[in-house]
Amino acid sequence: MRPLPPFEQPLMEALGLVLCEDVVSPVSLPGFDNSAMDGYAVQAADLAGASRENPIALPVVGEIAAGRAEPIVVTPGTTVRIMTGAPMPRGADSVVPVEWTDGGAARVHIAQQPSLGASVRHAGEDLQAGDKVMDRDTVLGPRQIAVLAAVGRARVTVRPRPRVVVVSTGAELREPGTRLGDGQIYDSNSYTLAAAARQAGAVVYRVGIVDDDPKKIMDTLSDQLVRADLVITSGGVSKGVYDVVKEVLTKLGTIDFPEVAMQPGKPQGFGVMGDDEVPIFTLPGNPVSAYVSFEVFVRPALRKLMGAMPYRRQTVQGVVLDGFSSPAGRRQFVRASATSGDQGWMASTVGGHGSHLLGGLSRSNALIVVPEDVTSVRAGDQAELWLLDEETG
Ligand SMILES: Nc1nc2c(c(=O)[nH]1)N[C@H]1C(S)=C(S)[C@@H](COP(=O)(O)OP(=O)(O)OC[C@H]3O[C@@H](n4cnc5c(N)ncnc54)[C@H](O)[C@@H]3O)O[C@H]1N2
Ligand code: MOO
Ligand SMILES: [Mg+2]
């Protein structure tokens, strides 16, 4: 699986994406000497000895607002009213803030001498034309977008959002908003996975429900391939008579269906489909298994397609507040509610451990990771916590 080929995007569309060029600034910042204060541009030497008791009066020979380039010169013994961000007039070396003055328009009384150069922001003090301001592979967030805009970039070269097709398999599934018949349940997985993929930066096509019918699954997946950079299915990968996803995909692609030593999320599938070798994850159907599998396998894969390498999940160490047992030989991901306070991170389990138990999922914001060789976690034990809801734009 390789990162998607880069293309040029308008700056705002690049939010959350990975930069694919080194950015060199064509301009200096600031671009010109300008005032840091609303006040008066002066020659500091004119104000020697100025005090509240004995202010020095200067004639105001003009005014410069931000955005104006007035051809005014501050000669000795004169001043120009100036606003924050306005270009410094020739001749002036310092700015007196309006608070040190009586605010006069034609003539101003100044009660304090500024130090030489005070409140002047110098051309190029922030960065120089020709400076490299950003490295390729940077993930573009608000702070990076700020710098790109400030140096005048309207478009940047980034890797695109992966197009992700999400399919739920299962004859028992119905769309939310419709009536359930006997034995039927609402399809939550396609929503879970679509939401998670979109939040991770993908453009998502939620195809929804396909029956456990090999031909229907085959036709749907073949049809969807044209618009997919990645396909995610859920359900039908265990040992049931109607778990037909494996059978179909063996014909459509080169896919492995391993059992992974984790809980939830034991039955998994990953491989490539079609002539373009589109990657596909076949996640287990149990709702919590599907979600945890997304976090463990799909999120890093999306980041790789987007070019962010290597993917490093933010994890913290925290104290587990309630004890539980954990299966031997499987890495367990336990949904939890985590908070950080004076004592560091603390986590309580929510909603039970069964991979069908969805009720508590909405109250969780973390996963407690229990290593394969640990079979019991006691209240007060330290554990690794995965903080969920990482946003990438
Ligand atoms: N004999 C065995 N049975 C099972 C094993 C096993 O090792 N041997 N593994 C269990 C584990 S662990 C898991 S996880 C599940 C995986 O099942 P499948 O991937 O085959 O998924 P399904 O059978 O289609 O569904 C399982 C379960 O999840 C519900 N489901 C499915 N899709 C959705 C959806 N889109 N939205 C909400 N809920 C969904 C489905 O109704 C089933 O209850 O297999 C165990 N069995
Ligand atoms: O591995 Mo299954 O995903 O535990 O329920
Ligand atoms: Mg099954």
# chains A, B, ... in the order shown; residues from 1 in each chain; ligands from 1
>>> closest_atom_pairs(of="chain A", to="ligand 1", cutoff="6 Å", atoms="only C-alpha atoms and all ligand atoms", output="JSON lines")
{"residue": "A:Ser168", "atom": "CA", "partner": "ligand 1", "partner_atom_place_in_ligand_line": "35 (N)", "distance": 4.7}
{"residue": "A:Gly170", "atom": "CA", "partner": "ligand 1", "partner_atom_place_in_ligand_line": "24 (O)", "distance": 5.3}
{"residue": "A:Asp187", "atom": "CA", "partner": "ligand 1", "partner_atom_place_in_ligand_line": "36 (N)", "distance": 3.7}
{"residue": "A:Ser188", "atom": "CA", "partner": "ligand 1", "partner_atom_place_in_ligand_line": "36 (N)", "distance": 4.0}
{"residue": "A:Asn189", "atom": "CA", "partner": "ligand 1", "partner_atom_place_in_ligand_line": "35 (N)", "distance": 4.0}
{"residue": "A:Ser190", "atom": "CA", "partner": "ligand 1", "partner_atom_place_in_ligand_line": "35 (N)", "distance": 5.7}
{"residue": "A:Ser234", "atom": "CA", "partner": "ligand 1", "partner_atom_place_in_ligand_line": "32 (N)", "distance": 5.9}
{"residue": "A:Gly235", "atom": "CA", "partner": "ligand 1", "partner_atom_place_in_ligand_line": "21 (O)", "distance": 3.4}
{"residue": "A:Gly236", "atom": "CA", "partner": "ligand 1", "partner_atom_place_in_ligand_line": "20 (O)", "distance": 3.5}
{"residue": "A:Val237", "atom": "CA", "partner": "ligand 1", "partner_atom_place_in_ligand_line": "19 (O)", "distance": 4.0}
{"residue": "A:Ser238", "atom": "CA", "partner": "ligand 1", "partner_atom_place_in_ligand_line": "20 (O)", "distance": 3.6}
{"residue": "A:Lys239", "atom": "CA", "partner": "ligand 1", "partner_atom_place_in_ligand_line": "2 (C)", "distance": 5.2}
{"residue": "A:Asp243", "atom": "CA", "partner": "ligand 1", "partner_atom_place_in_ligand_line": "20 (O)", "distance": 5.2}
{"residue": "A:Gly265", "atom": "CA", "partner": "ligand 1", "partner_atom_place_in_ligand_line": "14 (S)", "distance": 5.3}
{"residue": "A:Lys266", "atom": "CA", "partner": "ligand 1", "partner_atom_place_in_ligand_line": "12 (S)", "distance": 5.1}
{"residue": "A:Pro284", "atom": "CA", "partner": "ligand 1", "partner_atom_place_in_ligand_line": "19 (O)", "distance": 3.3}
{"residue": "A:Gly285", "atom": "CA", "partner": "ligand 1", "partner_atom_place_in_ligand_line": "21 (O)", "distance": 3.4}
{"residue": "A:Asn286", "atom": "CA", "partner": "ligand 1", "partner_atom_place_in_ligand_line": "28 (O)", "distance": 3.4}
{"residue": "A:Pro287", "atom": "CA", "partner": "ligand 1", "partner_atom_place_in_ligand_line": "38 (N)", "distance": 5.2}
{"residue": "A:Ser289", "atom": "CA", "partner": "ligand 1", "partner_atom_place_in_ligand_line": "14 (S)", "distance": 5.6}
>>> write_last_selection(atoms="all heavy atoms", output="compact mmCIF listing (two decimals), in the first residue's frame")
# COMPACT_ATOMS: atom_id res chain seq x y z
N SER A 168 -21.59 -2.87 4.73
CA SER A 168 -21.96 -3.81 5.81
C SER A 168 -22.54 -5.05 5.17
O SER A 168 -23.39 -4.94 4.29
CB SER A 168 -23.05 -3.20 6.69
OG SER A 168 -22.56 -2.18 7.49
N GLY A 170 -24.75 -8.59 5.86
CA GLY A 170 -25.60 -9.26 6.84
C GLY A 170 -27.06 -9.19 6.46
O GLY A 170 -27.61 -8.10 6.26
N ASP A 187 -28.29 -1.53 11.07
CA ASP A 187 -26.87 -1.50 10.65
C ASP A 187 -26.19 -0.33 11.34
O ASP A 187 -26.41 0.83 10.98
CB ASP A 187 -26.80 -1.33 9.12
CG ASP A 187 -25.40 -0.94 8.65
OD1 ASP A 187 -24.43 -1.23 9.37
OD2 ASP A 187 -25.30 -0.34 7.55
N SER A 188 -25.39 -0.61 12.34
CA SER A 188 -24.62 0.49 12.94
C SER A 188 -23.19 0.53 12.39
O SER A 188 -22.57 1.58 12.33
CB SER A 188 -24.61 0.40 14.47
OG SER A 188 -24.05 -0.83 14.88
N ASN A 189 -22.67 -0.61 11.95
CA ASN A 189 -21.25 -0.63 11.56
C ASN A 189 -20.93 0.31 10.40
O ASN A 189 -19.88 0.95 10.40
CB ASN A 189 -20.82 -2.04 11.17
CG ASN A 189 -20.70 -2.96 12.36
OD1 ASN A 189 -20.80 -2.51 13.50
ND2 ASN A 189 -20.50 -4.24 12.11
N SER A 190 -21.82 0.36 9.41
CA SER A 190 -21.44 1.21 8.26
C SER A 190 -21.40 2.68 8.70
O SER A 190 -20.62 3.46 8.17
CB SER A 190 -22.37 0.99 7.06
OG SER A 190 -23.62 1.59 7.29
N SER A 234 -17.74 -4.98 6.85
CA SER A 234 -17.87 -5.58 8.18
C SER A 234 -18.78 -6.78 8.08
O SER A 234 -19.72 -6.81 7.28
CB SER A 234 -18.38 -4.58 9.20
OG SER A 234 -19.75 -4.32 9.01
N GLY A 235 -18.49 -7.76 8.92
CA GLY A 235 -19.32 -8.96 9.03
C GLY A 235 -18.89 -10.06 8.07
O GLY A 235 -18.16 -9.84 7.11
N GLY A 236 -19.36 -11.26 8.41
CA GLY A 236 -19.20 -12.39 7.50
C GLY A 236 -17.80 -12.95 7.38
O GLY A 236 -17.48 -13.57 6.37
N VAL A 237 -16.95 -12.74 8.39
CA VAL A 237 -15.59 -13.27 8.27
C VAL A 237 -15.26 -14.34 9.32
O VAL A 237 -14.13 -14.76 9.45
CB VAL A 237 -14.51 -12.15 8.31
CG1 VAL A 237 -14.57 -11.32 7.06
CG2 VAL A 237 -14.62 -11.31 9.57
N SER A 238 -16.29 -14.77 10.05
CA SER A 238 -16.00 -15.81 11.04
C SER A 238 -16.36 -17.18 10.46
O SER A 238 -16.15 -17.41 9.28
CB SER A 238 -16.74 -15.49 12.34
OG SER A 238 -16.26 -16.32 13.36
N LYS A 239 -16.93 -18.03 11.30
CA LYS A 239 -17.04 -19.43 10.89
C LYS A 239 -18.47 -19.86 10.58
O LYS A 239 -18.76 -21.05 10.44
CB LYS A 239 -16.46 -20.32 11.99
CG LYS A 239 -15.00 -19.97 12.31
CD LYS A 239 -14.34 -21.04 13.10
CE LYS A 239 -12.94 -20.72 13.57
NZ LYS A 239 -12.14 -19.82 12.76
N ASP A 243 -21.23 -16.76 6.58
CA ASP A 243 -20.07 -15.85 6.59
C ASP A 243 -19.33 -16.03 5.26
O ASP A 243 -18.32 -16.73 5.17
CB ASP A 243 -19.15 -16.18 7.78
CG ASP A 243 -19.79 -15.78 9.11
OD1 ASP A 243 -20.70 -14.93 9.09
OD2 ASP A 243 -19.36 -16.29 10.14
N GLY A 265 -11.97 -8.36 18.08
CA GLY A 265 -11.40 -8.21 16.75
C GLY A 265 -10.60 -9.40 16.28
O GLY A 265 -9.68 -9.25 15.48
N LYS A 266 -10.96 -10.60 16.73
CA LYS A 266 -10.16 -11.78 16.37
C LYS A 266 -10.18 -12.09 14.87
O LYS A 266 -9.12 -12.19 14.26
CB LYS A 266 -10.64 -12.99 17.20
CG LYS A 266 -9.86 -14.26 16.94
CD LYS A 266 -10.31 -15.39 17.85
CE LYS A 266 -11.72 -15.84 17.51
NZ LYS A 266 -12.11 -17.07 18.21
N PRO A 284 -14.52 -7.72 11.47
CA PRO A 284 -15.56 -8.57 12.06
C PRO A 284 -16.86 -7.80 12.28
O PRO A 284 -16.85 -6.58 12.45
CB PRO A 284 -14.94 -9.02 13.38
CG PRO A 284 -13.84 -8.06 13.68
CD PRO A 284 -13.37 -7.52 12.37
N GLY A 285 -17.97 -8.54 12.31
CA GLY A 285 -19.29 -7.91 12.38
C GLY A 285 -19.68 -7.36 13.72
O GLY A 285 -20.41 -6.37 13.80
N ASN A 286 -19.21 -7.96 14.82
CA ASN A 286 -19.62 -7.44 16.13
C ASN A 286 -19.25 -5.95 16.20
O ASN A 286 -18.12 -5.57 15.86
CB ASN A 286 -18.92 -8.20 17.26
CG ASN A 286 -19.66 -9.48 17.61
OD1 ASN A 286 -20.88 -9.53 17.57
ND2 ASN A 286 -18.90 -10.52 17.94
N PRO A 287 -20.19 -5.12 16.62
CA PRO A 287 -20.00 -3.67 16.49
C PRO A 287 -18.74 -3.12 17.18
O PRO A 287 -18.04 -2.28 16.61
CB PRO A 287 -21.25 -3.07 17.13
CG PRO A 287 -22.28 -4.13 16.99
CD PRO A 287 -21.56 -5.44 17.07
N SER A 289 -16.08 -4.85 17.90
CA SER A 289 -14.94 -5.44 17.19
C SER A 289 -14.63 -4.62 15.94
O SER A 289 -13.47 -4.34 15.63
CB SER A 289 -15.25 -6.87 16.76
OG SER A 289 -15.81 -7.58 17.82
>>> residues_around(residues="range 4-13 of chain A", least_positions_apart="2", cutoff="10 Å", atoms="only C-alpha atoms", output="count of residues only")
32
>>> select_by_dssp(residues="range 91-266 of chain A", states="strand (DSSP E)", output="ChimeraX atom specification")
/A:94-97,107-110,120-121,132-134,155-158,163-169,173-174,185-186,203-210,230-234,253-256,262-263
>>> residues_around(residues="Val245 in chain A", least_positions_apart="6", cutoff="12 Å", atoms="only C-alpha atoms", output="JSON, numbers by chain")
{"A": [167, 168, 169, 170, 210, 211, 212, 213, 214, 215, 216, 217, 218, 220, 221, 232, 233, 234, 235, 236, 237, 238, 239, 251, 252, 253, 255, 256, 257, 267, 268, 269, 270, 280, 281, 282, 283, 284, 285]}
>>> closest_residue(among="A:Leu230, A:Ser293, A:Gly240, A:Ala197", to="Pro279 in chain A", atoms="only C-alpha atoms")
A:Leu230
>>> select_by_dssp(residues="range 30-261 of chain A", states="alpha helix (DSSP H)", output="PyMOL selection string")
chain A and resi 142-150+189-199+214-224+245-252
>>> write_last_selection(atoms="C-alpha atoms", output="compact mmCIF listing (two decimals), in the first residue's frame")
# COMPACT_ATOMS: atom_id res chain seq x y z
CA PRO A 142 -4.49 25.59 11.50
CA ARG A 143 -1.00 26.75 12.52
CA GLN A 144 0.57 25.50 9.30
CA ILE A 145 -2.27 26.96 7.18
CA ALA A 146 -1.60 30.28 8.98
CA VAL A 147 2.03 30.34 7.83
CA LEU A 148 1.21 29.28 4.26
CA ALA A 149 -1.38 32.05 3.94
CA ALA A 150 0.98 34.58 5.51
CA ASN A 189 -21.25 -0.63 11.56
CA SER A 190 -21.44 1.21 8.26
CA TYR A 191 -22.18 4.40 10.21
CA THR A 192 -19.44 3.77 12.78
CA LEU A 193 -16.84 3.05 10.14
CA ALA A 194 -17.96 5.84 7.81
CA ALA A 195 -17.85 8.34 10.68
CA ALA A 196 -14.45 7.15 11.87
CA ALA A 197 -12.99 7.21 8.35
CA ARG A 198 -14.35 10.68 7.63
CA GLN A 199 -13.00 11.99 10.91
CA PRO A 214 -22.00 -14.23 -2.50
CA LYS A 215 -23.21 -12.87 -5.84
CA LYS A 216 -24.58 -9.66 -4.33
CA ILE A 217 -21.41 -9.09 -2.32
CA MET A 218 -19.27 -9.83 -5.38
CA ASP A 219 -21.30 -7.46 -7.61
CA THR A 220 -21.32 -4.68 -5.03
CA LEU A 221 -17.59 -4.84 -4.37
CA SER A 222 -16.74 -5.04 -8.09
CA ASP A 223 -18.97 -2.03 -8.83
CA GLN A 224 -17.53 0.03 -6.01
CA VAL A 245 -17.13 -12.62 2.59
CA LYS A 246 -14.05 -14.82 2.59
CA GLU A 247 -15.40 -17.01 -0.20
CA VAL A 248 -16.18 -13.99 -2.39
CA LEU A 249 -12.92 -12.23 -1.83
CA THR A 250 -10.85 -15.25 -2.59
CA LYS A 251 -12.19 -14.82 -6.17
CA LEU A 252 -11.91 -11.02 -6.32
>>> residues_around(residues="Val334 in chain A", least_positions_apart="6", cutoff="12 Å", atoms="only C-alpha atoms", output="number ranges by chain")
A: 262-265, 288-289, 291-292, 320, 322-327, 347-355, 357, 360-361, 364-371, 377, 383-387
>>> write_last_selection(atoms="N, CA and C atoms", output="compact mmCIF listing (two decimals), in the first residue's frame")
# COMPACT_ATOMS: atom_id res chain seq x y z
N MET A 262 -6.15 -10.66 19.46
CA MET A 262 -6.66 -9.46 20.14
C MET A 262 -8.12 -9.70 20.50
N GLN A 263 -8.61 -8.90 21.45
CA GLN A 263 -10.02 -9.00 21.84
C GLN A 263 -10.51 -7.60 22.16
N PRO A 264 -11.55 -7.10 21.49
CA PRO A 264 -12.26 -7.76 20.41
C PRO A 264 -11.49 -7.65 19.10
N GLY A 265 -11.97 -8.36 18.08
CA GLY A 265 -11.40 -8.21 16.75
C GLY A 265 -10.60 -9.40 16.28
N VAL A 288 -18.45 -3.60 18.38
CA VAL A 288 -17.26 -3.07 19.06
C VAL A 288 -16.00 -3.62 18.40
N SER A 289 -16.08 -4.85 17.90
CA SER A 289 -14.94 -5.44 17.19
C SER A 289 -14.63 -4.62 15.94
N TYR A 291 -15.31 -1.47 15.39
CA TYR A 291 -14.77 -0.16 15.75
C TYR A 291 -13.30 -0.26 16.20
N VAL A 292 -13.03 -1.21 17.09
CA VAL A 292 -11.65 -1.36 17.59
C VAL A 292 -10.72 -1.74 16.44
N VAL A 320 -5.89 2.54 36.17
CA VAL A 320 -7.21 1.92 35.94
C VAL A 320 -7.95 1.90 37.28
N ASP A 322 -10.99 0.48 38.01
CA ASP A 322 -11.73 -0.74 38.38
C ASP A 322 -11.05 -1.96 37.77
N GLY A 323 -11.07 -3.06 38.53
CA GLY A 323 -10.37 -4.26 38.06
C GLY A 323 -11.21 -5.09 37.11
N PHE A 324 -10.54 -5.93 36.32
CA PHE A 324 -11.25 -6.86 35.42
C PHE A 324 -10.27 -7.94 34.99
N SER A 325 -10.81 -9.03 34.45
CA SER A 325 -9.92 -10.08 33.95
C SER A 325 -9.81 -9.96 32.44
N SER A 326 -8.71 -10.51 31.93
CA SER A 326 -8.40 -10.32 30.52
C SER A 326 -7.98 -11.67 29.94
N PRO A 327 -8.38 -11.97 28.69
CA PRO A 327 -8.07 -13.30 28.14
C PRO A 327 -6.57 -13.50 27.95
N ALA A 347 -8.65 5.99 34.35
CA ALA A 347 -9.63 5.41 33.42
C ALA A 347 -10.54 4.43 34.13
N SER A 348 -11.85 4.55 33.87
CA SER A 348 -12.81 3.55 34.36
C SER A 348 -13.41 2.86 33.15
N THR A 349 -13.63 1.57 33.27
CA THR A 349 -14.23 0.85 32.14
C THR A 349 -15.70 1.26 32.02
N VAL A 350 -16.20 1.25 30.79
CA VAL A 350 -17.63 1.54 30.57
C VAL A 350 -18.21 0.51 29.61
N GLY A 351 -19.42 0.06 29.94
CA GLY A 351 -20.20 -0.70 28.97
C GLY A 351 -19.87 -2.16 28.84
N GLY A 352 -19.05 -2.73 29.73
CA GLY A 352 -18.77 -4.17 29.65
C GLY A 352 -17.73 -4.50 28.60
N HIS A 353 -17.43 -5.80 28.49
CA HIS A 353 -16.34 -6.22 27.61
C HIS A 353 -16.81 -6.91 26.35
N GLY A 354 -18.03 -7.40 26.34
CA GLY A 354 -18.52 -8.16 25.18
C GLY A 354 -18.49 -7.31 23.92
N SER A 355 -18.13 -7.94 22.80
CA SER A 355 -17.96 -7.14 21.58
C SER A 355 -19.29 -6.80 20.92
N LEU A 357 -21.65 -5.39 22.93
CA LEU A 357 -22.23 -4.42 23.87
C LEU A 357 -21.91 -2.99 23.43
N GLY A 360 -22.49 1.25 26.12
CA GLY A 360 -21.57 2.15 26.81
C GLY A 360 -20.59 2.85 25.90
N LEU A 361 -20.62 2.49 24.61
CA LEU A 361 -19.58 3.00 23.71
C LEU A 361 -19.59 4.53 23.63
N SER A 364 -17.51 6.26 26.18
CA SER A 364 -16.08 5.98 26.24
C SER A 364 -15.32 7.02 25.42
N ASN A 365 -14.10 7.30 25.84
CA ASN A 365 -13.23 8.19 25.07
C ASN A 365 -11.81 7.64 25.00
N ALA A 366 -11.66 6.38 25.43
CA ALA A 366 -10.32 5.80 25.46
C ALA A 366 -10.43 4.28 25.39
N LEU A 367 -9.32 3.64 25.04
CA LEU A 367 -9.23 2.18 25.13
C LEU A 367 -8.08 1.87 26.09
N ILE A 368 -8.35 1.00 27.07
CA ILE A 368 -7.28 0.50 27.93
C ILE A 368 -6.66 -0.68 27.19
N VAL A 369 -5.34 -0.67 27.04
CA VAL A 369 -4.68 -1.76 26.30
C VAL A 369 -4.05 -2.72 27.31
N VAL A 370 -4.52 -3.96 27.29
CA VAL A 370 -4.00 -4.95 28.24
C VAL A 370 -3.15 -5.94 27.45
N PRO A 371 -1.84 -6.05 27.79
CA PRO A 371 -0.96 -6.93 27.03
C PRO A 371 -1.42 -8.39 27.07
N VAL A 377 -6.36 -7.35 35.64
CA VAL A 377 -6.01 -5.96 35.93
C VAL A 377 -6.72 -5.60 37.23
N ALA A 383 -1.82 1.36 33.24
CA ALA A 383 -2.01 0.74 31.92
C ALA A 383 -1.81 1.78 30.84
N GLU A 384 -1.57 1.26 29.62
CA GLU A 384 -1.49 2.15 28.47
C GLU A 384 -2.92 2.51 28.04
N LEU A 385 -3.14 3.80 27.76
CA LEU A 385 -4.46 4.24 27.30
C LEU A 385 -4.33 4.82 25.90
N TRP A 386 -5.21 4.41 25.02
CA TRP A 386 -5.31 5.06 23.71
C TRP A 386 -6.42 6.10 23.81
N LEU A 387 -6.07 7.33 23.57
CA LEU A 387 -7.09 8.37 23.59
C LEU A 387 -7.74 8.39 22.22
>>> residues_around(residues="Pro71 in chain A", least_positions_apart="6", cutoff="10 Å", atoms="only C-alpha atoms", output="list in words")
Gly62, Ile64, Pro89 and Arg90 of chain A
>>> residues_around(residues="Arg68 in chain A", least_positions_apart="6", cutoff="12 Å", atoms="only C-alpha atoms", output="list in words")
Asn34, Ile82, Met83, Thr84, Gly85, Ala86, Pro87, Met88 and Pro89 of chain A
>>> atom_distance(atom1="CA of Val164 in chain A", atom2="CA of Asp135 in chain A")
27.5 Å
>>> atom_distance(atom1="CA of Val298 in chain A", atom2="CA of Arg174 in chain A")
24.5 Å
>>> closest_residue(among="A:Ala66, A:Val95, A:Ala57, A:Leu358", to="ligand 2", atoms="only C-alpha atoms and all ligand atoms")
A:Leu358
>>> closest_residue(among="A:Gly344, A:Gly208, A:Pro300, A:Pro114", to="Pro3 in chain A", atoms="only C-alpha atoms")
A:Pro300
>>> atom_distance(atom1="CA of Val27 in chain A", atom2="CA of Val151 in chain A")
6.1 Å
